[in-house]
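To keep things clear, I will list the structure first and then write my remarks on it.
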Amino acid sequence: MAVVVVSSVDEQARRELAECLARKLGCECVSREQMIERATQAGIPLGKLEMAVLKGSTSWERLARDKVRYLAFIMREACEQAMKGNAVYHGRSSHMFFQAIPHALKVLVVPDSEGRLRQTMQRLNLDWEKGKEYIRKLDEDMENWSHFLHGVTLTSPDHFDMVLNLKNMGIQSASAFLCSMVQSPEFQPTPASLAALKNQWLAAQARDRLMRDERTGWADLNVTAQGGRITTTYMPGQSHVAREIPAVLSGLEGADHLVCTMATTNILWVAEIFNPSAPLYGQIMDVARRWGAALELMRFIAPSEEPKGETCTGPELTPNACGIGQVPVPKTSDSTGWIHDDKEEEGQGDDGGLTLTAERLIENNLFGGASTMSGRTDGLANVVRSDHRYSLVVVGDVFTSKSPSLKVRLKREMAGTLRDRITVPVITGEELQERFLFGKRQSAQLMVFAAAAVVLFLVVFNYQEPILQFLAGPEWKSWRIVATVGIALFVPLFAYLYGSASGLIFKLMKFR
Amino acid sequence: MGGPIAELFINIHLASAIQIVMLGFIGGVLSGFIGSGGAFFMTPGMMNLGVHGVVAVASNVTHKFGKAMIGSRTHTTMGNVDKRLAFFMLITAAIGIRLAVWIMSTLFQSGGGDHGGSSGATADLYISVVFVAILTVVGLSMLKDVLGKENGQTGPSTRIVDFLRGLHLPPVIHLKVADTKVSLWILLLGGLATGYLAGTIGVGGFIGVPAMIYVFGVPTAVAAGTELYLAMFMGAFGALNYAWEGYVDICLVLLLYLGSLLGIHLGTYGVKVVSEKVIRLVTAVIILLCVTSRAIAIPMYLRQLRVLPMNAGWDVYFNGASKALLFLSGIAGCTVILYYVVRAYMQRKKVQCSISESGGSGGENYLAHAEDAAVSAARG
């Protein structure tokens, strides 16, 4: 079962390549244009959406609901097609729909620019200058559209497995090359990648249904799916929508369980090993409760660096205990080259404690979804960046097979890379206590700030008259510069001291 | 307290101190909830307590400066601040503030000599008229916006943005964080209006934020963050200007802080647990009540300026009615917000209910169970 996604700014180049490849693979070829037709037939005001974005005029907030509906629809259609068997897609940014599907081969086609210009000039009967201007504007519009839909640059190589430049390569050769690439093990479906595809389909299906139904279409819902369990989070101000969600999703194909959690936002906890009895679990729960946030788990498995001469052991799939899904569990290797026995991980469960932690979160009404991802930090950054739900990313226990000092360095580097690549605040588990929770350090700060604020307050009110005489009395014009500077320094100082103290009091009361 | 400063600043005793702290607290709650500085409540409130308009505005602007400094730090870390937008607006906002301070000083001095020779009624009238005119427009627009929206259509109107874009007024500035393009001239004009109103009545945010959203096409979160960032500089500039003129009452500033920095946390919490429609509705109603309260006080100033032939003994009734309505609106609004906050705080463990049922294969049982759980969760 091969899935190939061909993206290009040149419609003709992608169409020719995709159709040629589909013929060779003997499968259906689905185009962006077909998808759009289906979406329009389903009642999504795509024309309005596209015009608004291309005019660059309207506030995108206003279009957010139509955008979510369109994305859910396209995602559902694309996943359904991919689940049937071999499929080739072509579009402008179709590859963004398959970022979480490892076996989908994502190809960027760079067209022959001169050929493209010539074809445009012929087709539209334009001269060279006008043809070039037309292509420039077209590319700009496509870039805006991609930015609006996915928040990424259309041709960013980060999101592709391969870039094909057609300047010196014909369609036949390119398609033959892709045919052979598709046969390679990396692009063969595995139980894990099929599970990811199914999860994506289920979430898209649920989101599409929720968006189309008038009982829930108005609400700000987040939907994720994992192994038949659908997790939706809703805003506290829209709590009455929770009554409608089960009814709307009733009888949804492939759905076994439903979890609805009230949350204003999501906190993403990235770790290789999750341990609900570790202090970090309690600390993250504490922050999630204070923020009214749902906690989303992402098991991140970094590619292991195997020693020379050792046989590489790829990820092995192990069905987990309570049906959250199938997650790959890498077998770690020790210094002697032997594979560790699974028994060593019994305490955490076969999935690195993911299932157990998810269950605990459900018990505590804080579950916001769970997923597994293997790859590099760059890939993780892409996944997190494309999702705007998060208000905080916590990097927990990662690179567990490394030595303690190396683990610390890699973890710090990982957090640094994420900070550079995404706008959401990223902190490590160690920094969590200091930044968001109330401990000894915060107690000391509270005492110092409160004492200083009280002293300043008492000084001002005990010497009220001389101070006011100094600031505005009959002689004030003689030292008005000093008086002005004094106010400019004193006011922010008091605001900082008293503001910090009151903030810490609210933190202590778990009110922030 | 004696001498000229006794005529400029009020004598603060326990009762007035408590009232000012309350003003600050209510203003802080409203400020955290609505996202504005809360001056629309605190400025007239102080004037009702006998504080001269110019001193009320000066103290409030100075108080806002420190508060914005703390608030903008949070917004900056969240990536909600467009510094380029703030920079361009600040250029003309500074001119607007300076203009406002000059007008106020001139009017205050003409209404009774330098530093509170007598009443300063001209400045009080001027502040009240600007306050009523601007906030009536803001309050009614907000009310119309809330009541006129179709269900599910929560985004701001873009008619003005579209119209201005159609004019193509170069040079056009690309605002990267806000992800929009605006003519420099429109930005400068917006900055001037914001600065003037911030300097005159201390509510620059009521013009700045809607201008950013409806005229520049900036996303709401970025508009709020940038306004707070801008308010920090405008507040600093305004505070320096008023301090230079000797109108800042440092005691009032500290008392306002005592209440407002507590209230703002509660108001911010309220935003998370109340729907956007209710937030806008509560805001619009409170603003219009504050406007009515200030309008009631206007005849009093007209009498003091001998424009309206009215018995001086009636001043106390006008001032009392104005003060009562202002406090009533503030307390009522604050109570509604605190009701939601306390309810959410008390119930958050109960309301954060998951609908879960292990086992089964998507049959009706789990859905029925889920529905029961959801109903009980919604009922709290």
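Simple scheme: letters A, B, ... for chains in structure tokens order, numbers from 1 for residues in each chain, numbers from 1 for ligands in the order shown.
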What's around region 98-106 of chain A at 6 Å? Count only C-alpha atoms, leave out sequence neighbours fewer than 3 positions away in its own chain, and write the answer as an NGL selection string. :A and (3-5 or 95 or 160-161 or 187-189 or 193 or 197)
Residues of the last selection are to be written out with C-alpha atoms, as a compact mmCIF listing (two decimals), in the first residue's frame.
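Saved to selection-v7.txt:
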# COMPACT_ATOMS: atom_id res chain seq x y z
CA VAL A 3 0.85 6.64 -0.70
CA VAL A 4 2.60 9.32 -2.75
CA VAL A 5 1.90 13.01 -2.37
CA HIS A 95 1.91 17.09 1.69
CA PHE A 160 9.21 16.83 2.14
CA ASP A 161 11.01 13.51 1.82
CA PHE A 187 7.77 4.08 2.53
CA GLN A 188 6.12 0.77 3.20
CA PRO A 189 3.24 0.89 5.64
CA SER A 193 2.05 4.16 10.38
CA LEU A 197 -3.29 7.07 9.42
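CA of Lys323 (chain B) to CA of Ser293 (chain B) spans 6.9 Å [interatomic distance, one decimal].
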Give me, as a list in words, all polymer residues having an atom no more than 12 Å from Met22 (chain B), counting only C-alpha atoms and skipping those fewer than 4 positions away in the same chain. Ala15, Ser16, Ala17, Ile18, Ile26, Gly27, Gly28, Val29, Phe41, Met42, Gly45, Met46, Leu252, Leu255, Leu256, Tyr257, Leu258, Gly259, Ser260, Leu261, Leu262, Gly263, Phe327, Gly330, Ile331 and Cys334 of chain B
Write out, as a CSV table (one decimal), in the first residue's frame, the residues just selected, with N, CA, C and O atoms.
chain,number,residue,atom,x,y,z
B,15,ALA,N,-11.6,56.6,55.4
B,15,ALA,CA,-12.8,56.3,54.5
B,15,ALA,C,-12.5,56.6,53.0
B,15,ALA,O,-12.8,55.7,52.2
B,16,SER,N,-11.8,57.7,52.8
B,16,SER,CA,-11.5,57.9,51.3
B,16,SER,C,-10.5,57.0,50.8
B,16,SER,O,-10.5,56.5,49.7
B,17,ALA,N,-9.5,56.6,51.7
B,17,ALA,CA,-8.5,55.6,51.3
B,17,ALA,C,-9.2,54.3,50.9
B,17,ALA,O,-8.9,53.7,49.8
B,18,ILE,N,-10.2,53.8,51.7
B,18,ILE,CA,-10.9,52.6,51.4
B,18,ILE,C,-11.6,52.7,50.1
B,18,ILE,O,-11.6,51.8,49.3
B,26,ILE,N,-12.1,47.4,41.8
B,26,ILE,CA,-13.2,47.2,40.8
B,26,ILE,C,-12.6,47.5,39.4
B,26,ILE,O,-12.8,46.8,38.4
B,27,GLY,N,-11.8,48.6,39.3
B,27,GLY,CA,-11.1,49.0,38.0
B,27,GLY,C,-10.2,47.8,37.6
B,27,GLY,O,-10.2,47.5,36.4
B,28,GLY,N,-9.5,47.2,38.5
B,28,GLY,CA,-8.6,46.1,38.2
B,28,GLY,C,-9.4,44.9,37.7
B,28,GLY,O,-9.0,44.3,36.7
B,29,VAL,N,-10.5,44.6,38.4
B,29,VAL,CA,-11.3,43.4,37.9
B,29,VAL,C,-11.8,43.7,36.5
B,29,VAL,O,-11.7,42.8,35.6
B,41,PHE,N,-13.5,53.7,34.6
B,41,PHE,CA,-14.2,53.6,35.9
B,41,PHE,C,-13.4,54.4,37.0
B,41,PHE,O,-14.0,55.1,37.8
B,42,MET,N,-12.1,54.3,37.0
B,42,MET,CA,-11.3,54.9,38.1
B,42,MET,C,-11.3,56.4,38.0
B,42,MET,O,-11.4,57.1,39.0
B,45,GLY,N,-14.5,57.9,39.0
B,45,GLY,CA,-14.7,57.6,40.4
B,45,GLY,C,-13.9,58.5,41.3
B,45,GLY,O,-14.4,59.0,42.4
B,46,MET,N,-12.7,58.8,40.9
B,46,MET,CA,-11.8,59.7,41.7
B,46,MET,C,-12.4,61.1,41.7
B,46,MET,O,-12.4,61.8,42.7
B,252,LEU,N,-2.5,58.7,45.8
B,252,LEU,CA,-3.6,58.1,45.1
B,252,LEU,C,-3.1,56.9,44.2
B,252,LEU,O,-3.8,55.9,44.1
B,255,LEU,N,-2.6,53.8,46.4
B,255,LEU,CA,-3.9,53.3,46.8
B,255,LEU,C,-4.6,52.5,45.7
B,255,LEU,O,-5.2,51.5,45.9
B,256,LEU,N,-4.5,53.1,44.5
B,256,LEU,CA,-5.1,52.5,43.3
B,256,LEU,C,-4.4,51.1,43.1
B,256,LEU,O,-5.1,50.1,42.8
B,257,TYR,N,-3.1,51.1,43.2
B,257,TYR,CA,-2.3,49.8,43.0
B,257,TYR,C,-2.8,48.8,44.0
B,257,TYR,O,-2.9,47.6,43.6
B,258,LEU,N,-3.0,49.2,45.2
B,258,LEU,CA,-3.4,48.2,46.3
B,258,LEU,C,-4.6,47.4,45.8
B,258,LEU,O,-4.6,46.2,46.0
B,259,GLY,N,-5.6,48.1,45.2
B,259,GLY,CA,-6.8,47.3,44.7
B,259,GLY,C,-6.6,46.7,43.4
B,259,GLY,O,-6.9,45.6,43.1
B,260,SER,N,-6.0,47.5,42.4
B,260,SER,CA,-6.1,47.1,41.0
B,260,SER,C,-5.2,45.9,40.8
B,260,SER,O,-5.6,45.0,40.0
B,261,LEU,N,-4.0,45.8,41.4
B,261,LEU,CA,-3.2,44.6,41.1
B,261,LEU,C,-3.7,43.3,41.7
B,261,LEU,O,-3.3,42.3,41.3
B,262,LEU,N,-4.6,43.4,42.6
B,262,LEU,CA,-5.3,42.2,43.1
B,262,LEU,C,-6.5,41.9,42.2
B,262,LEU,O,-6.7,40.8,41.8
B,263,GLY,N,-7.2,43.0,41.8
B,263,GLY,CA,-8.4,42.8,41.0
B,263,GLY,C,-8.1,42.2,39.6
B,263,GLY,O,-8.8,41.4,39.1
B,327,PHE,N,-20.6,53.7,41.2
B,327,PHE,CA,-20.2,52.6,42.1
B,327,PHE,C,-21.2,51.4,41.9
B,327,PHE,O,-20.8,50.3,41.9
B,330,GLY,N,-20.1,49.7,38.7
B,330,GLY,CA,-18.8,49.0,39.0
B,330,GLY,C,-19.0,47.8,39.8
B,330,GLY,O,-18.5,46.7,39.5
B,331,ILE,N,-19.8,48.0,40.9
B,331,ILE,CA,-20.0,46.9,41.9
B,331,ILE,C,-20.8,45.8,41.2
B,331,ILE,O,-20.5,44.6,41.3
B,334,CYS,N,-18.6,44.0,38.6
B,334,CYS,CA,-17.6,43.3,39.4
B,334,CYS,C,-18.2,42.0,40.0
B,334,CYS,O,-17.6,41.0,40.0
Applying 7 Å and only C-alpha atoms, which residues near Ser322 (chain B) remain after dropping the ones on its own chain fewer than 6 positions away? List them as a PyMOL selection string. chain B and resi 293-294+296-297
Take the residues from that selection and put them in a file with all heavy atoms, as a PDB file, in the first residue's frame.
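Result file is selection39.pdb:
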ATOM      1  N   SER B 293     -23.280  58.005  34.382  1.00  0.00           N
ATOM      2  CA  SER B 293     -22.840  58.565  35.668  1.00  0.00           C
ATOM      3  C   SER B 293     -22.088  59.887  35.452  1.00  0.00           C
ATOM      4  O   SER B 293     -22.314  60.866  36.152  1.00  0.00           O
ATOM      5  CB  SER B 293     -21.957  57.545  36.373  1.00  0.00           C
ATOM      6  OG  SER B 293     -21.018  58.163  37.189  1.00  0.00           O
ATOM      7  N   ARG B 294     -21.207  59.887  34.460  1.00  0.00           N
ATOM      8  CA  ARG B 294     -20.429  61.111  34.209  1.00  0.00           C
ATOM      9  C   ARG B 294     -21.324  62.224  33.649  1.00  0.00           C
ATOM     10  O   ARG B 294     -21.163  63.396  33.985  1.00  0.00           O
ATOM     11  CB  ARG B 294     -19.291  60.796  33.211  1.00  0.00           C
ATOM     12  CG  ARG B 294     -18.255  61.869  33.109  1.00  0.00           C
ATOM     13  CD  ARG B 294     -17.143  61.773  34.150  1.00  0.00           C
ATOM     14  NE  ARG B 294     -17.490  61.745  35.549  1.00  0.00           N
ATOM     15  CZ  ARG B 294     -17.416  62.780  36.376  1.00  0.00           C
ATOM     16  NH1 ARG B 294     -17.024  63.943  35.967  1.00  0.00           N
ATOM     17  NH2 ARG B 294     -17.725  62.654  37.642  1.00  0.00           N
ATOM     18  N   ILE B 296     -24.347  62.780  34.369  1.00  0.00           N
ATOM     19  CA  ILE B 296     -25.119  63.366  35.480  1.00  0.00           C
ATOM     20  C   ILE B 296     -24.314  64.477  36.166  1.00  0.00           C
ATOM     21  O   ILE B 296     -24.885  65.465  36.650  1.00  0.00           O
ATOM     22  CB  ILE B 296     -25.514  62.253  36.499  1.00  0.00           C
ATOM     23  CG1 ILE B 296     -26.565  61.340  35.873  1.00  0.00           C
ATOM     24  CG2 ILE B 296     -26.052  62.848  37.802  1.00  0.00           C
ATOM     25  CD1 ILE B 296     -26.886  60.107  36.699  1.00  0.00           C
ATOM     26  N   ALA B 297     -22.990  64.328  36.176  1.00  0.00           N
ATOM     27  CA  ALA B 297     -22.149  65.317  36.865  1.00  0.00           C
ATOM     28  C   ALA B 297     -21.930  66.595  36.044  1.00  0.00           C
ATOM     29  O   ALA B 297     -21.503  67.614  36.593  1.00  0.00           O
ATOM     30  CB  ALA B 297     -20.807  64.693  37.212  1.00  0.00           C
TER      31      ALA B 297
END
Write out as number ranges by chain the set of residues from region 137-280 of chain A that DSSP, computed on the backbone, places in alpha helix (DSSP H). A: 137-150, 171-182, 191-212, 244-248, 279-280
Would you mind exporting the chosen residues as a compact mmCIF listing (two decimals), in the first residue's frame, restricted to C-alpha atoms?
# COMPACT_ATOMS: atom_id res chain seq x y z
CA LYS A 137 1.43 36.94 -8.52
CA LEU A 138 0.15 33.39 -8.77
CA ASP A 139 3.01 32.09 -6.62
CA GLU A 140 2.40 34.85 -4.10
CA ASP A 141 -1.28 33.94 -3.86
CA MET A 142 -0.44 30.27 -3.41
CA GLU A 143 2.06 31.17 -0.71
CA ASN A 144 -0.61 33.20 1.12
CA TRP A 145 -3.05 30.35 0.85
CA SER A 146 -0.55 27.84 2.24
CA HIS A 147 0.33 30.25 5.02
CA PHE A 148 -3.33 30.68 5.88
CA LEU A 149 -4.13 26.97 5.85
CA HIS A 150 -1.02 25.44 7.39
CA ILE A 171 8.12 13.14 -16.41
CA GLN A 172 8.72 9.48 -17.34
CA SER A 173 12.10 9.33 -15.61
CA ALA A 174 10.80 11.15 -12.55
CA SER A 175 7.82 8.82 -12.21
CA ALA A 176 10.03 5.74 -12.68
CA PHE A 177 12.33 7.06 -9.98
CA LEU A 178 9.40 7.62 -7.61
CA CYS A 179 8.09 4.13 -8.41
CA SER A 180 11.35 2.62 -7.21
CA MET A 181 11.47 4.90 -4.18
CA VAL A 182 8.00 3.83 -3.10
CA PRO A 191 1.32 -1.22 11.74
CA ALA A 192 2.43 1.99 13.47
CA SER A 193 2.05 4.16 10.38
CA LEU A 194 -1.28 2.56 9.54
CA ALA A 195 -2.42 3.24 13.09
CA ALA A 196 -1.33 6.87 12.66
CA LEU A 197 -3.29 7.07 9.42
CA LYS A 198 -6.36 5.59 11.10
CA ASN A 199 -6.04 8.01 14.02
CA GLN A 200 -5.81 10.93 11.65
CA TRP A 201 -8.83 9.73 9.72
CA LEU A 202 -10.86 9.20 12.88
CA ALA A 203 -10.01 12.65 14.25
CA ALA A 204 -10.80 14.29 10.89
CA GLN A 205 -14.07 12.40 10.67
CA ALA A 206 -15.09 13.48 14.17
CA ARG A 207 -14.01 17.09 13.58
CA ASP A 208 -15.87 17.21 10.27
CA ARG A 209 -19.04 15.91 11.87
CA LEU A 210 -18.79 18.30 14.83
CA MET A 211 -18.20 21.26 12.53
CA ARG A 212 -21.12 20.39 10.25
CA GLU A 244 -24.19 17.68 22.54
CA ILE A 245 -20.84 16.11 21.62
CA PRO A 246 -21.74 12.48 22.45
CA ALA A 247 -25.00 12.75 20.51
CA VAL A 248 -23.31 14.30 17.48
CA PRO A 279 7.29 14.17 40.83
CA LEU A 280 7.14 15.70 37.34
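Distance check against Leu295 (chain A) using only C-alpha atoms: of A:Ala242, A:Val448, A:Val393, A:Leu508, the minimum falls on A:Val393.
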Out of A:Lys130, A:Lys507, A:Arg76, A:Arg69, which residue has the shortest atom-to-atom distance to chain B when counting only C-alpha atoms? A:Lys507
Separation of CA of His257 (chain A) from CA of Trp218 (chain A), in Å and rounded to one decimal: 23.2 Å
Close residues, Ala223 (chain B) itself excluded, 10 Å, only C-alpha atoms, min 3 positions apart in chain, as a compact mmCIF listing (two decimals) with all heavy atoms, in the first residue's frame:
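Okay, this is what ended up in selection_21.txt:
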# COMPACT_ATOMS: atom_id res chain seq x y z
N ASN B 80 2.56 38.02 21.73
CA ASN B 80 1.39 38.80 21.31
C ASN B 80 1.72 40.27 21.04
O ASN B 80 0.80 41.07 20.91
CB ASN B 80 0.30 38.75 22.40
CG ASN B 80 -0.39 37.41 22.44
OD1 ASN B 80 -0.34 36.67 21.48
ND2 ASN B 80 -1.01 37.09 23.55
N VAL B 81 2.99 40.62 21.02
CA VAL B 81 3.33 42.04 20.85
C VAL B 81 3.97 42.27 19.49
O VAL B 81 4.96 41.63 19.14
CB VAL B 81 4.30 42.50 21.97
CG1 VAL B 81 4.74 43.93 21.74
CG2 VAL B 81 3.65 42.36 23.34
N ASP B 82 3.37 43.19 18.71
CA ASP B 82 3.98 43.57 17.44
C ASP B 82 4.73 44.89 17.69
O ASP B 82 4.12 45.97 17.74
CB ASP B 82 2.90 43.75 16.36
CG ASP B 82 3.51 43.82 14.97
OD1 ASP B 82 4.50 44.55 14.81
OD2 ASP B 82 3.02 43.13 14.06
N LEU B 85 4.45 47.70 15.02
CA LEU B 85 3.18 48.42 15.11
C LEU B 85 3.23 49.42 16.26
O LEU B 85 2.84 50.59 16.10
CB LEU B 85 2.04 47.40 15.32
CG LEU B 85 0.66 47.93 15.68
CD1 LEU B 85 0.09 48.81 14.59
CD2 LEU B 85 -0.31 46.77 15.93
N ALA B 86 3.74 48.97 17.40
CA ALA B 86 3.83 49.84 18.58
C ALA B 86 4.74 51.03 18.29
O ALA B 86 4.43 52.16 18.67
CB ALA B 86 4.35 49.05 19.77
N ALA B 178 1.63 40.70 13.57
CA ALA B 178 0.18 40.78 13.32
C ALA B 178 -0.18 40.17 11.97
O ALA B 178 -1.34 39.86 11.71
CB ALA B 178 -0.27 42.23 13.38
N GLY B 205 -6.74 52.81 25.34
CA GLY B 205 -6.99 51.44 24.89
C GLY B 205 -8.33 51.26 24.23
O GLY B 205 -8.50 50.41 23.36
N GLY B 208 -7.37 52.54 20.88
CA GLY B 208 -6.23 51.82 20.32
C GLY B 208 -6.57 50.39 19.91
O GLY B 208 -6.28 49.99 18.78
N VAL B 209 -7.23 49.64 20.82
CA VAL B 209 -7.52 48.23 20.52
C VAL B 209 -8.53 48.10 19.37
O VAL B 209 -8.25 47.39 18.39
CB VAL B 209 -7.96 47.46 21.79
CG1 VAL B 209 -8.41 46.05 21.44
CG2 VAL B 209 -6.82 47.42 22.79
N PRO B 210 -9.69 48.81 19.43
CA PRO B 210 -10.61 48.70 18.28
C PRO B 210 -9.96 49.16 16.98
O PRO B 210 -10.21 48.59 15.92
CB PRO B 210 -11.78 49.62 18.65
CG PRO B 210 -11.71 49.78 20.10
CD PRO B 210 -10.28 49.65 20.49
N ALA B 211 -9.12 50.21 17.06
CA ALA B 211 -8.47 50.69 15.83
C ALA B 211 -7.58 49.60 15.26
O ALA B 211 -7.58 49.36 14.05
CB ALA B 211 -7.65 51.94 16.13
N MET B 212 -6.84 48.95 16.13
CA MET B 212 -5.94 47.88 15.63
C MET B 212 -6.75 46.74 15.01
O MET B 212 -6.38 46.19 13.98
CB MET B 212 -5.10 47.34 16.78
CG MET B 212 -4.00 48.29 17.22
SD MET B 212 -2.98 47.50 18.47
CE MET B 212 -2.50 48.89 19.45
N ILE B 213 -7.87 46.38 15.66
CA ILE B 213 -8.66 45.24 15.17
C ILE B 213 -9.46 45.63 13.91
O ILE B 213 -9.39 44.96 12.89
CB ILE B 213 -9.61 44.73 16.27
CG1 ILE B 213 -8.80 44.20 17.46
CG2 ILE B 213 -10.53 43.63 15.74
CD1 ILE B 213 -9.62 43.90 18.69
N PHE B 216 -6.85 48.37 11.37
CA PHE B 216 -5.58 47.82 10.86
C PHE B 216 -5.69 46.34 10.48
O PHE B 216 -4.84 45.81 9.80
CB PHE B 216 -4.46 47.95 11.91
CG PHE B 216 -4.23 49.36 12.43
CD1 PHE B 216 -3.53 49.57 13.60
CD2 PHE B 216 -4.72 50.47 11.75
CE1 PHE B 216 -3.32 50.84 14.10
CE2 PHE B 216 -4.52 51.76 12.24
CZ PHE B 216 -3.82 51.94 13.42
N GLY B 217 -6.72 45.65 11.01
CA GLY B 217 -6.88 44.21 10.72
C GLY B 217 -5.95 43.33 11.52
O GLY B 217 -5.57 42.24 11.09
N VAL B 218 -5.60 43.76 12.74
CA VAL B 218 -4.70 43.01 13.60
C VAL B 218 -5.50 41.97 14.40
O VAL B 218 -6.59 42.29 14.87
CB VAL B 218 -3.97 43.99 14.56
CG1 VAL B 218 -3.17 43.26 15.61
CG2 VAL B 218 -3.08 44.93 13.77
N PRO B 219 -5.00 40.73 14.58
CA PRO B 219 -5.73 39.75 15.40
C PRO B 219 -5.93 40.27 16.83
O PRO B 219 -5.09 41.00 17.36
CB PRO B 219 -4.80 38.53 15.40
CG PRO B 219 -3.92 38.70 14.22
CD PRO B 219 -3.77 40.16 14.00
N THR B 220 -7.03 39.85 17.45
CA THR B 220 -7.41 40.38 18.77
C THR B 220 -6.31 40.21 19.82
O THR B 220 -6.01 41.15 20.57
CB THR B 220 -8.71 39.69 19.25
OG1 THR B 220 -9.66 39.78 18.19
CG2 THR B 220 -9.27 40.36 20.49
N THR B 226 -0.20 44.33 22.07
CA THR B 226 0.50 45.51 21.57
C THR B 226 0.01 46.77 22.27
O THR B 226 0.80 47.67 22.57
CB THR B 226 0.32 45.64 20.04
OG1 THR B 226 0.68 44.39 19.45
CG2 THR B 226 1.20 46.73 19.45
N GLU B 227 -1.29 46.83 22.55
CA GLU B 227 -1.84 48.00 23.24
C GLU B 227 -1.22 48.13 24.64
O GLU B 227 -0.86 49.22 25.08
CB GLU B 227 -3.37 47.87 23.33
CG GLU B 227 -4.06 48.74 24.35
CD GLU B 227 -3.77 50.23 24.22
OE1 GLU B 227 -3.47 50.69 23.12
OE2 GLU B 227 -3.83 50.93 25.26
N LEU B 228 -1.06 46.98 25.30
CA LEU B 228 -0.46 47.01 26.64
C LEU B 228 1.00 47.45 26.57
O LEU B 228 1.49 48.20 27.42
CB LEU B 228 -0.56 45.61 27.26
CG LEU B 228 -0.82 45.53 28.76
CD1 LEU B 228 -2.00 46.38 29.17
CD2 LEU B 228 -1.08 44.09 29.15
N TYR B 229 1.68 46.97 25.54
CA TYR B 229 3.08 47.35 25.32
C TYR B 229 3.17 48.86 25.04
O TYR B 229 4.02 49.56 25.58
CB TYR B 229 3.62 46.55 24.14
CG TYR B 229 5.08 46.72 23.85
CD1 TYR B 229 6.04 46.15 24.68
CD2 TYR B 229 5.52 47.44 22.74
CE1 TYR B 229 7.40 46.30 24.41
CE2 TYR B 229 6.86 47.58 22.47
CZ TYR B 229 7.79 47.02 23.29
OH TYR B 229 9.12 47.17 23.03
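For the residues B:Leu188, B:Ile12, B:Leu281, B:Val101, ranking by smallest atom-to-atom distance to chain A using only C-alpha atoms places B:Ile12 first.
In this structure, CA of Thr194 (chain B) sits 7.3 Å away from CA of Gly96 (chain B).
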